[in-house]
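Here is the file start.txt (compact mmCIF, N, CA and C atoms (P, O5', C5', C4', C3', O3' and C1' of nucleotides)).
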# COMPACT_ATOMS: atom_id res chain seq x y z
N MET A 1 0.85 -1.20 0.00
CA MET A 1 0.00 0.00 0.00
C MET A 1 0.88 1.24 0.00
N SER A 2 1.06 1.79 -1.16
CA SER A 2 1.86 3.00 -1.25
C SER A 2 0.98 4.24 -1.16
N PHE A 3 1.60 5.37 -1.02
CA PHE A 3 0.86 6.62 -0.93
C PHE A 3 -0.01 6.79 -2.18
N ARG A 4 0.54 6.33 -3.27
CA ARG A 4 -0.16 6.41 -4.54
C ARG A 4 -1.50 5.69 -4.46
N ASP A 5 -1.51 4.51 -3.88
CA ASP A 5 -2.74 3.74 -3.75
C ASP A 5 -3.76 4.48 -2.88
N SER A 6 -3.27 5.08 -1.81
CA SER A 6 -4.17 5.82 -0.92
C SER A 6 -4.83 6.96 -1.68
N VAL A 7 -4.04 7.64 -2.49
CA VAL A 7 -4.57 8.76 -3.27
C VAL A 7 -5.64 8.25 -4.23
N TYR A 8 -5.35 7.15 -4.89
CA TYR A 8 -6.33 6.56 -5.81
C TYR A 8 -7.63 6.27 -5.07
N LYS A 9 -7.49 5.67 -3.93
CA LYS A 9 -8.66 5.29 -3.15
C LYS A 9 -9.47 6.52 -2.75
N VAL A 10 -8.79 7.53 -2.26
CA VAL A 10 -9.46 8.76 -1.83
C VAL A 10 -10.17 9.42 -3.00
N VAL A 11 -9.47 9.57 -4.10
CA VAL A 11 -10.06 10.23 -5.27
C VAL A 11 -11.23 9.41 -5.80
N SER A 12 -11.10 8.11 -5.76
CA SER A 12 -12.18 7.25 -6.24
C SER A 12 -13.41 7.37 -5.34
N GLY A 13 -13.19 7.81 -4.11
CA GLY A 13 -14.31 7.92 -3.17
C GLY A 13 -15.00 9.27 -3.20
N ILE A 14 -14.56 10.14 -4.10
CA ILE A 14 -15.19 11.46 -4.20
C ILE A 14 -16.53 11.33 -4.93
N PRO A 15 -17.64 11.71 -4.28
CA PRO A 15 -18.96 11.62 -4.91
C PRO A 15 -19.15 12.68 -5.99
N GLU A 16 -20.13 12.49 -6.84
CA GLU A 16 -20.37 13.46 -7.92
C GLU A 16 -20.84 14.78 -7.33
N GLY A 17 -20.38 15.84 -7.93
CA GLY A 17 -20.75 17.16 -7.45
C GLY A 17 -19.86 17.62 -6.31
N LYS A 18 -18.91 16.80 -5.95
CA LYS A 18 -17.98 17.18 -4.87
C LYS A 18 -16.58 17.32 -5.43
N VAL A 19 -15.88 18.34 -4.99
CA VAL A 19 -14.51 18.54 -5.46
C VAL A 19 -13.58 18.77 -4.26
N LEU A 20 -12.47 18.10 -4.28
CA LEU A 20 -11.50 18.25 -3.19
C LEU A 20 -10.23 18.90 -3.73
N THR A 21 -9.53 19.59 -2.86
CA THR A 21 -8.28 20.21 -3.28
C THR A 21 -7.15 19.19 -3.16
N TYR A 22 -6.06 19.45 -3.82
CA TYR A 22 -4.91 18.54 -3.75
C TYR A 22 -4.47 18.37 -2.30
N LYS A 23 -4.53 19.44 -1.57
CA LYS A 23 -4.12 19.39 -0.17
C LYS A 23 -5.05 18.47 0.62
N GLU A 24 -6.35 18.59 0.36
CA GLU A 24 -7.32 17.76 1.06
C GLU A 24 -7.08 16.28 0.76
N VAL A 25 -6.87 16.01 -0.51
CA VAL A 25 -6.63 14.62 -0.91
C VAL A 25 -5.37 14.08 -0.22
N ALA A 26 -4.34 14.89 -0.22
CA ALA A 26 -3.08 14.48 0.42
C ALA A 26 -3.32 14.21 1.90
N GLU A 27 -4.11 15.06 2.51
CA GLU A 27 -4.38 14.89 3.94
C GLU A 27 -5.14 13.60 4.19
N LYS A 28 -6.13 13.34 3.37
CA LYS A 28 -6.90 12.10 3.52
C LYS A 28 -6.05 10.88 3.20
N ALA A 29 -5.07 11.10 2.34
CA ALA A 29 -4.19 9.99 1.95
C ALA A 29 -3.21 9.65 3.08
N GLY A 30 -3.06 10.58 4.00
CA GLY A 30 -2.18 10.31 5.12
C GLY A 30 -0.98 11.24 5.21
N SER A 31 -0.77 12.07 4.19
CA SER A 31 0.34 13.02 4.22
C SER A 31 -0.11 14.40 3.78
N PRO A 32 -0.50 15.23 4.74
CA PRO A 32 -1.03 16.58 4.44
C PRO A 32 -0.06 17.44 3.64
N LYS A 33 1.20 17.16 3.77
CA LYS A 33 2.18 17.99 3.07
C LYS A 33 2.67 17.36 1.78
N ALA A 34 1.97 16.34 1.36
CA ALA A 34 2.37 15.65 0.14
C ALA A 34 1.49 16.04 -1.04
N TYR A 35 0.87 17.20 -0.96
CA TYR A 35 0.00 17.64 -2.06
C TYR A 35 0.77 17.68 -3.38
N ARG A 36 2.09 17.89 -3.27
CA ARG A 36 2.93 17.88 -4.48
C ARG A 36 2.86 16.51 -5.13
N ALA A 37 3.07 15.51 -4.32
CA ALA A 37 3.08 14.14 -4.83
C ALA A 37 1.72 13.80 -5.41
N VAL A 38 0.65 14.31 -4.80
CA VAL A 38 -0.70 14.01 -5.30
C VAL A 38 -0.82 14.45 -6.75
N GLY A 39 -0.42 15.66 -7.01
CA GLY A 39 -0.48 16.15 -8.39
C GLY A 39 0.37 15.29 -9.31
N ASN A 40 1.53 14.93 -8.85
CA ASN A 40 2.43 14.11 -9.66
C ASN A 40 1.78 12.76 -9.96
N ILE A 41 1.17 12.17 -8.95
CA ILE A 41 0.53 10.86 -9.12
C ILE A 41 -0.65 10.95 -10.09
N LEU A 42 -1.55 11.86 -9.84
CA LEU A 42 -2.73 12.00 -10.71
C LEU A 42 -2.30 12.31 -12.13
N ASN A 43 -1.21 12.99 -12.25
CA ASN A 43 -0.72 13.35 -13.59
C ASN A 43 -0.35 12.10 -14.38
N LYS A 44 0.23 11.15 -13.72
CA LYS A 44 0.64 9.91 -14.40
C LYS A 44 -0.50 8.91 -14.42
N ASN A 45 -1.56 9.24 -13.71
CA ASN A 45 -2.68 8.30 -13.63
C ASN A 45 -3.63 8.44 -14.81
N TYR A 46 -3.68 7.42 -15.62
CA TYR A 46 -4.61 7.43 -16.75
C TYR A 46 -5.76 6.47 -16.49
N ASN A 47 -5.94 6.11 -15.25
CA ASN A 47 -7.00 5.17 -14.89
C ASN A 47 -8.36 5.87 -14.86
N PRO A 48 -9.31 5.49 -15.74
CA PRO A 48 -10.63 6.13 -15.79
C PRO A 48 -11.43 5.86 -14.52
N SER A 49 -11.03 4.88 -13.75
CA SER A 49 -11.74 4.57 -12.50
C SER A 49 -11.46 5.62 -11.44
N VAL A 50 -10.48 6.48 -11.70
CA VAL A 50 -10.13 7.52 -10.74
C VAL A 50 -10.55 8.88 -11.27
N PRO A 51 -11.59 9.47 -10.72
CA PRO A 51 -12.08 10.78 -11.15
C PRO A 51 -11.13 11.90 -10.75
N CYS A 52 -9.98 11.90 -11.35
CA CYS A 52 -8.98 12.91 -10.98
C CYS A 52 -9.46 14.31 -11.35
N HIS A 53 -10.51 14.40 -12.15
CA HIS A 53 -11.02 15.72 -12.54
C HIS A 53 -11.75 16.40 -11.39
N ARG A 54 -11.97 15.67 -10.30
CA ARG A 54 -12.64 16.27 -9.15
C ARG A 54 -11.65 16.82 -8.14
N VAL A 55 -10.39 16.86 -8.53
CA VAL A 55 -9.37 17.41 -7.64
C VAL A 55 -8.87 18.72 -8.23
N ILE A 56 -9.04 19.78 -7.48
CA ILE A 56 -8.64 21.11 -7.96
C ILE A 56 -7.66 21.77 -6.99
N ARG A 57 -7.20 22.94 -7.38
CA ARG A 57 -6.25 23.65 -6.50
C ARG A 57 -6.98 24.34 -5.36
N SER A 58 -6.24 24.73 -4.38
CA SER A 58 -6.81 25.42 -3.22
C SER A 58 -7.32 26.80 -3.62
N ASP A 59 -6.78 27.33 -4.68
CA ASP A 59 -7.19 28.64 -5.15
C ASP A 59 -8.53 28.58 -5.87
N GLY A 60 -9.03 27.37 -6.10
CA GLY A 60 -10.28 27.21 -6.82
C GLY A 60 -10.03 27.08 -8.31
N LYS A 61 -8.77 27.12 -8.69
CA LYS A 61 -8.43 26.98 -10.10
C LYS A 61 -8.45 25.50 -10.48
N ILE A 62 -8.38 25.25 -11.76
CA ILE A 62 -8.44 23.87 -12.22
C ILE A 62 -7.15 23.12 -11.98
N GLY A 63 -6.07 23.71 -12.40
CA GLY A 63 -4.79 23.04 -12.25
C GLY A 63 -4.43 22.39 -13.57
N GLY A 64 -4.82 21.16 -13.77
CA GLY A 64 -4.51 20.50 -15.04
C GLY A 64 -5.31 19.22 -15.17
N TYR A 65 -5.19 18.62 -16.32
CA TYR A 65 -5.91 17.37 -16.57
C TYR A 65 -5.26 16.63 -17.73
N ASN A 66 -5.24 15.32 -17.62
CA ASN A 66 -4.60 14.53 -18.66
C ASN A 66 -5.26 14.73 -20.01
N ARG A 67 -6.54 14.93 -20.01
CA ARG A 67 -7.26 15.09 -21.27
C ARG A 67 -7.56 16.55 -21.58
N GLY A 68 -6.90 17.45 -20.92
CA GLY A 68 -7.14 18.87 -21.20
C GLY A 68 -7.93 19.52 -20.08
N GLU A 69 -7.47 20.65 -19.63
CA GLU A 69 -8.14 21.35 -18.53
C GLU A 69 -9.56 21.74 -18.90
N GLU A 70 -9.74 22.09 -20.15
CA GLU A 70 -11.07 22.50 -20.59
C GLU A 70 -12.08 21.38 -20.38
N ASN A 71 -11.63 20.19 -20.70
CA ASN A 71 -12.51 19.03 -20.52
C ASN A 71 -12.82 18.83 -19.05
N LYS A 72 -11.84 19.05 -18.24
CA LYS A 72 -12.01 18.91 -16.79
C LYS A 72 -13.07 19.89 -16.29
N VAL A 73 -12.94 21.13 -16.69
CA VAL A 73 -13.93 22.13 -16.29
C VAL A 73 -15.31 21.74 -16.77
N ALA A 74 -15.36 21.28 -18.01
CA ALA A 74 -16.66 20.91 -18.59
C ALA A 74 -17.31 19.82 -17.74
N ILE A 75 -16.53 18.84 -17.35
CA ILE A 75 -17.08 17.74 -16.54
C ILE A 75 -17.57 18.27 -15.19
N LEU A 76 -16.76 19.10 -14.58
CA LEU A 76 -17.14 19.64 -13.27
C LEU A 76 -18.41 20.47 -13.38
N ARG A 77 -18.51 21.23 -14.44
CA ARG A 77 -19.72 22.05 -14.62
C ARG A 77 -20.93 21.15 -14.87
N LYS A 78 -20.68 20.06 -15.56
CA LYS A 78 -21.76 19.11 -15.83
C LYS A 78 -22.27 18.51 -14.53
N GLU A 79 -21.35 18.26 -13.63
CA GLU A 79 -21.73 17.66 -12.35
C GLU A 79 -22.12 18.73 -11.34
N ASN A 80 -22.14 19.96 -11.79
CA ASN A 80 -22.54 21.07 -10.93
C ASN A 80 -21.62 21.14 -9.71
N ALA A 81 -20.34 20.91 -9.94
CA ALA A 81 -19.38 20.90 -8.84
C ALA A 81 -18.86 22.30 -8.56
N ILE A 82 -18.35 22.98 -9.57
CA ILE A 82 -17.79 24.32 -9.33
C ILE A 82 -18.32 25.32 -10.36
N ILE A 83 -18.02 26.55 -10.16
CA ILE A 83 -18.43 27.64 -11.06
C ILE A 83 -19.94 27.61 -11.32
P DG B 1 19.15 0.08 -3.75
O5' DG B 1 19.92 1.01 -4.81
C5' DG B 1 21.34 1.09 -4.90
C4' DG B 1 21.75 2.50 -5.31
C3' DG B 1 21.19 3.58 -4.43
O3' DG B 1 22.17 4.58 -4.16
C1' DG B 1 20.34 3.86 -6.63
P DA B 2 21.81 5.93 -3.33
O5' DA B 2 21.78 7.06 -4.49
C5' DA B 2 22.77 7.03 -5.52
C4' DA B 2 22.56 8.20 -6.50
C3' DA B 2 22.17 9.50 -5.81
O3' DA B 2 22.86 10.59 -6.45
C1' DA B 2 20.43 8.83 -7.31
P DG B 3 22.49 12.13 -6.05
O5' DG B 3 21.55 12.57 -7.28
C5' DG B 3 21.96 12.30 -8.60
C4' DG B 3 20.95 12.82 -9.62
C3' DG B 3 20.48 14.23 -9.31
O3' DG B 3 20.45 14.99 -10.51
C1' DG B 3 18.61 12.75 -9.43
P DC B 4 19.80 16.49 -10.53
O5' DC B 4 18.38 16.20 -11.24
C5' DC B 4 18.37 15.52 -12.51
C4' DC B 4 16.96 15.51 -13.10
C3' DC B 4 16.26 16.87 -13.06
O3' DC B 4 15.57 17.09 -14.29
C1' DC B 4 14.99 15.26 -11.85
P DT B 5 14.75 18.39 -14.49
O5' DT B 5 13.28 17.84 -14.14
C5' DT B 5 12.76 16.73 -14.86
C4' DT B 5 11.29 16.49 -14.49
C3' DT B 5 10.48 17.79 -14.44
O3' DT B 5 9.35 17.70 -15.30
C1' DT B 5 10.22 16.50 -12.42
P DG B 6 8.50 19.00 -15.55
O5' DG B 6 7.31 18.81 -14.50
C5' DG B 6 6.47 17.66 -14.58
C4' DG B 6 5.43 17.68 -13.45
C3' DG B 6 4.75 19.04 -13.29
O3' DG B 6 3.32 18.89 -13.22
C1' DG B 6 5.72 18.34 -11.22
P DA B 7 2.58 19.52 -14.48
O5' DA B 7 1.04 19.53 -14.11
C5' DA B 7 0.35 20.75 -13.94
C4' DA B 7 -0.73 20.60 -12.90
C3' DA B 7 -0.23 20.22 -11.53
O3' DA B 7 -0.82 21.08 -10.59
C1' DA B 7 -1.95 18.76 -12.18
P DC B 8 -0.05 22.35 -10.11
O5' DC B 8 -0.01 22.14 -8.53
C5' DC B 8 -0.90 21.24 -7.90
C4' DC B 8 -0.83 21.43 -6.39
C3' DC B 8 -1.44 22.76 -5.93
O3' DC B 8 -2.17 22.57 -4.72
C1' DC B 8 0.85 22.69 -5.35
P DA B 9 -2.84 23.88 -4.06
O5' DA B 9 -1.76 24.33 -2.97
C5' DA B 9 -1.34 23.38 -1.97
C4' DA B 9 -0.65 24.08 -0.81
C3' DA B 9 -1.32 25.39 -0.39
O3' DA B 9 -1.30 25.52 1.03
C1' DA B 9 0.90 25.83 -1.16
P DT B 10 -1.89 26.79 1.73
O5' DT B 10 -0.56 27.60 2.09
C5' DT B 10 0.59 26.86 2.54
C4' DT B 10 1.71 27.82 2.96
C3' DT B 10 1.20 29.18 3.45
O3' DT B 10 1.95 29.58 4.60
C1' DT B 10 2.64 29.48 1.58
P DG B 11 1.76 31.08 5.18
O5' DG B 11 3.13 31.76 4.68
C5' DG B 11 4.34 31.00 4.70
C4' DG B 11 5.53 31.89 4.37
C3' DG B 11 5.40 33.31 4.91
O3' DG B 11 6.67 33.79 5.34
C1' DG B 11 5.45 33.36 2.51
P DT B 12 6.86 35.15 6.12
O5' DT B 12 7.82 36.01 5.17
C5' DT B 12 7.47 36.20 3.84
C4' DT B 12 8.65 36.62 2.97
C3' DT B 12 8.95 38.11 3.04
O3' DT B 12 10.30 38.37 2.66
C1' DT B 12 7.86 37.59 0.99
P DT B 13 10.80 39.89 2.63
O5' DT B 13 10.58 40.27 1.08
C5' DT B 13 11.20 39.47 0.06
C4' DT B 13 11.05 40.14 -1.31
C3' DT B 13 11.26 41.65 -1.27
O3' DT B 13 12.06 42.07 -2.37
C1' DT B 13 9.08 41.15 -2.10
P DC C 1 -6.91 43.11 -1.66
O5' DC C 1 -5.88 43.34 -2.91
C5' DC C 1 -6.25 44.15 -3.99
C4' DC C 1 -5.30 44.03 -5.18
C3' DC C 1 -5.09 42.59 -5.62
O3' DC C 1 -5.13 42.52 -7.04
C1' DC C 1 -3.00 43.54 -4.97
P DA C 2 -4.98 41.09 -7.82
O5' DA C 2 -3.42 41.06 -8.23
C5' DA C 2 -2.87 42.14 -8.96
C4' DA C 2 -1.45 41.82 -9.43
C3' DA C 2 -1.27 40.40 -9.97
O3' DA C 2 -0.42 40.42 -11.11
C1' DA C 2 0.13 40.70 -8.07
P DA C 3 0.08 39.10 -11.82
O5' DA C 3 1.59 39.01 -11.26
C5' DA C 3 2.42 40.15 -11.32
C4' DA C 3 3.84 39.82 -10.85
C3' DA C 3 4.36 38.48 -11.39
O3' DA C 3 5.75 38.61 -11.73
C1' DA C 3 4.33 38.44 -9.01
P DC C 4 6.62 37.28 -12.10
O5' DC C 4 7.43 37.04 -10.73
C5' DC C 4 8.08 38.14 -10.08
C4' DC C 4 9.05 37.64 -9.00
C3' DC C 4 9.84 36.40 -9.39
O3' DC C 4 11.20 36.52 -8.96
C1' DC C 4 8.53 35.95 -7.45
P DA C 5 12.23 35.30 -9.06
O5' DA C 5 12.10 34.66 -7.60
C5' DA C 5 12.34 35.46 -6.44
C4' DA C 5 12.39 34.59 -5.18
C3' DA C 5 13.17 33.29 -5.38
O3' DA C 5 14.02 33.04 -4.25
C1' DA C 5 10.95 32.80 -4.70
P DT C 6 14.79 31.64 -4.10
O5' DT C 6 13.82 30.83 -3.10
C5' DT C 6 13.44 31.45 -1.86
C4' DT C 6 12.80 30.45 -0.92
C3' DT C 6 13.49 29.10 -0.88
O3' DT C 6 13.61 28.65 0.48
C1' DT C 6 11.21 28.81 -1.49
P DG C 7 14.11 27.19 0.80
O5' DG C 7 12.77 26.36 1.04
C5' DG C 7 11.74 26.91 1.90
C4' DG C 7 10.70 25.85 2.23
C3' DG C 7 11.32 24.45 2.41
O3' DG C 7 10.67 23.76 3.47
C1' DG C 7 9.80 24.43 0.58
P DC C 8 11.23 22.32 3.91
O5' DC C 8 10.17 21.31 3.27
C5' DC C 8 8.81 21.34 3.69
C4' DC C 8 7.93 20.49 2.78
C3' DC C 8 8.50 19.09 2.53
O3' DC C 8 7.94 18.17 3.45
C1' DC C 8 7.74 20.10 0.49
P DC C 9 8.57 16.75 3.54
O5' DC C 9 7.80 15.99 2.37
C5' DC C 9 6.38 15.89 2.40
C4' DC C 9 5.88 15.08 1.22
C3' DC C 9 6.65 13.78 1.04
O3' DC C 9 5.79 12.67 1.14
C1' DC C 9 6.58 15.04 -1.01
P DA C 10 6.39 11.19 1.21
O5' DA C 10 6.05 10.69 -0.26
C5' DA C 10 4.71 10.78 -0.72
C4' DA C 10 4.62 10.49 -2.21
C3' DA C 10 5.27 9.16 -2.58
O3' DA C 10 4.42 8.43 -3.44
C1' DA C 10 6.25 10.95 -3.84
P DG C 11 4.85 7.06 -4.06
O5' DG C 11 5.12 7.52 -5.58
C5' DG C 11 4.07 8.16 -6.28
C4' DG C 11 4.52 8.56 -7.69
C3' DG C 11 5.06 7.38 -8.51
O3' DG C 11 4.58 7.48 -9.84
C1' DG C 11 6.71 9.07 -8.32
P DC C 12 4.90 6.33 -10.92
O5' DC C 12 6.07 7.03 -11.77
C5' DC C 12 5.80 8.26 -12.45
C4' DC C 12 7.01 8.71 -13.28
C3' DC C 12 7.64 7.59 -14.10
O3' DC C 12 7.93 8.05 -15.42
C1' DC C 12 9.26 8.53 -12.62
P DT C 13 8.65 7.07 -16.48
O5' DT C 13 10.12 7.68 -16.49
C5' DT C 13 10.29 9.09 -16.68
C4' DT C 13 11.76 9.43 -16.89
C3' DT C 13 12.47 8.45 -17.84
O3' DT C 13 13.36 9.15 -18.71
C1' DT C 13 13.52 8.43 -15.69
How would this structure read if it were set down as structure tokens?
Amino acid sequence: MSFRDSVYKVVSGIPEGKVLTYKEVAEKAGSPKAYRAVGNILNKNYNPSVPCHRVIRSDGKIGGYNRGEENKVAILRKENAII
DNA sequence: GAGCTGACATGTT
DNA sequence: CAACATGCCAGCT
């Protein structure tokens, strides 16, 4: 069970319409100061089972997405999560 | 095995 | 108020 797995689990547990910040995910994963690693992990994560699009920055910004930030925003807006 | 990279956050300038 | 610089962690090359 690596930190990566914890992050996957946490992100996979995010319900629709809910968005968590990288810091929150890192905290739930067990390392509040590992928000850096969270971004790095999600970045390499191409697993569709992990709704990485529900993880945003603390500033409320999108951050990034493997399939394009615009797509990420579109999904979040569809789920009535942000904006 | 060591070093580099990054979808960040916080503090100063 | 906005931009720059620093610090932090885990994963990847």
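If you measure from each of A:Tyr65, A:Tyr46, A:Phe3, A:Tyr8 to chain B using only N, CA and C atoms (P, O5', C5', C4', C3', O3' and C1' of nucleotides), the closest one turns out to be A:Tyr65.
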Need the neighbours of (-3.1, 20.1, -1.8): which residues are at most 6 Å away, counting only N, CA and C atoms (P, O5', C5', C4', C3', O3' and C1' of nucleotides), as a PDB file with N, CA and C atoms (P, O5', C5', C4', C3', O3' and C1' of nucleotides), in the frame of the given file?
ATOM      1  N   THR A  21      -9.530  19.590  -2.860  1.00  0.00           N
ATOM      2  CA  THR A  21      -8.280  20.210  -3.280  1.00  0.00           C
ATOM      3  C   THR A  21      -7.150  19.190  -3.160  1.00  0.00           C
ATOM      4  N   TYR A  22      -6.060  19.450  -3.820  1.00  0.00           N
ATOM      5  CA  TYR A  22      -4.910  18.540  -3.750  1.00  0.00           C
ATOM      6  C   TYR A  22      -4.470  18.370  -2.300  1.00  0.00           C
ATOM      7  N   LYS A  23      -4.530  19.440  -1.570  1.00  0.00           N
ATOM      8  CA  LYS A  23      -4.120  19.390  -0.170  1.00  0.00           C
ATOM      9  C   LYS A  23      -5.050  18.470   0.620  1.00  0.00           C
ATOM     10  N   GLU A  24      -6.350  18.590   0.360  1.00  0.00           N
ATOM     11  CA  GLU A  24      -7.320  17.760   1.060  1.00  0.00           C
ATOM     12  C   GLU A  24      -7.080  16.280   0.760  1.00  0.00           C
ATOM     13  N   VAL A  25      -6.870  16.010  -0.510  1.00  0.00           N
ATOM     14  CA  VAL A  25      -6.630  14.620  -0.910  1.00  0.00           C
ATOM     15  C   VAL A  25      -5.370  14.080  -0.220  1.00  0.00           C
ATOM     16  N   ALA A  26      -4.340  14.890  -0.220  1.00  0.00           N
ATOM     17  CA  ALA A  26      -3.080  14.480   0.420  1.00  0.00           C
ATOM     18  C   ALA A  26      -3.320  14.210   1.900  1.00  0.00           C
ATOM     19  N   TYR A  35       0.870  17.200  -0.960  1.00  0.00           N
ATOM     20  CA  TYR A  35       0.000  17.640  -2.060  1.00  0.00           C
ATOM     21  C   TYR A  35       0.770  17.680  -3.380  1.00  0.00           C
ATOM     22  N   ARG A  36       2.090  17.890  -3.270  1.00  0.00           N
ATOM     23  CA  ARG A  36       2.930  17.880  -4.480  1.00  0.00           C
ATOM     24  C   ARG A  36       2.860  16.510  -5.130  1.00  0.00           C
TER      25      ARG A  36
ATOM     26  P    DC B   8      -0.050  22.350 -10.110  1.00  0.00           P
ATOM     27  O5'  DC B   8      -0.010  22.140  -8.530  1.00  0.00           O
ATOM     28  C5'  DC B   8      -0.900  21.240  -7.900  1.00  0.00           C
ATOM     29  C4'  DC B   8      -0.830  21.430  -6.390  1.00  0.00           C
ATOM     30  C3'  DC B   8      -1.440  22.760  -5.930  1.00  0.00           C
ATOM     31  O3'  DC B   8      -2.170  22.570  -4.720  1.00  0.00           O
ATOM     32  C1'  DC B   8       0.850  22.690  -5.350  1.00  0.00           C
ATOM     33  P    DA B   9      -2.840  23.880  -4.060  1.00  0.00           P
ATOM     34  O5'  DA B   9      -1.760  24.330  -2.970  1.00  0.00           O
ATOM     35  C5'  DA B   9      -1.340  23.380  -1.970  1.00  0.00           C
ATOM     36  C4'  DA B   9      -0.650  24.080  -0.810  1.00  0.00           C
ATOM     37  C3'  DA B   9      -1.320  25.390  -0.390  1.00  0.00           C
ATOM     38  O3'  DA B   9      -1.300  25.520   1.030  1.00  0.00           O
ATOM     39  C1'  DA B   9       0.900  25.830  -1.160  1.00  0.00           C
TER      40       DA B   9
END
Exercise for the section: Find the spatial neighbours of region 3-11 of chain C, counting all atoms listed in the file, within a cut-off of 8 Å - ignore same-chain residues fewer than 2 positions away - and output them as a count of residues only. Expected result: 20
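Within 5 Å of chain B, and using only N, CA and C atoms (P, O5', C5', C4', C3', O3' and C1' of nucleotides), the residues found on chain A are Tyr22, Gly39, Arg57, Ser58, Gly63 and Gly64 of chain A.
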Exercise for the section: Please give the complete set of residues from region 6-47 of chain A that DSSP, run on the backbone, assigns to alpha helix (DSSP H), formatted as a PyMOL selection string. Expected result: chain A and resi 6-12+22-29+35-44
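Counting only C-alpha atoms (C1' of nucleotides) and comparing A:Val50, A:Val11, A:Ala74, A:Ala29, the residue that lies closest to chain C is A:Ala29.
One finds CA of Asn66 (chain A) at 19.8 Å from CA of Gly17 (chain A).
As for atom N of Lys72 (chain A) and atom N of His53 (chain A), they are spaced 7.8 Å apart.
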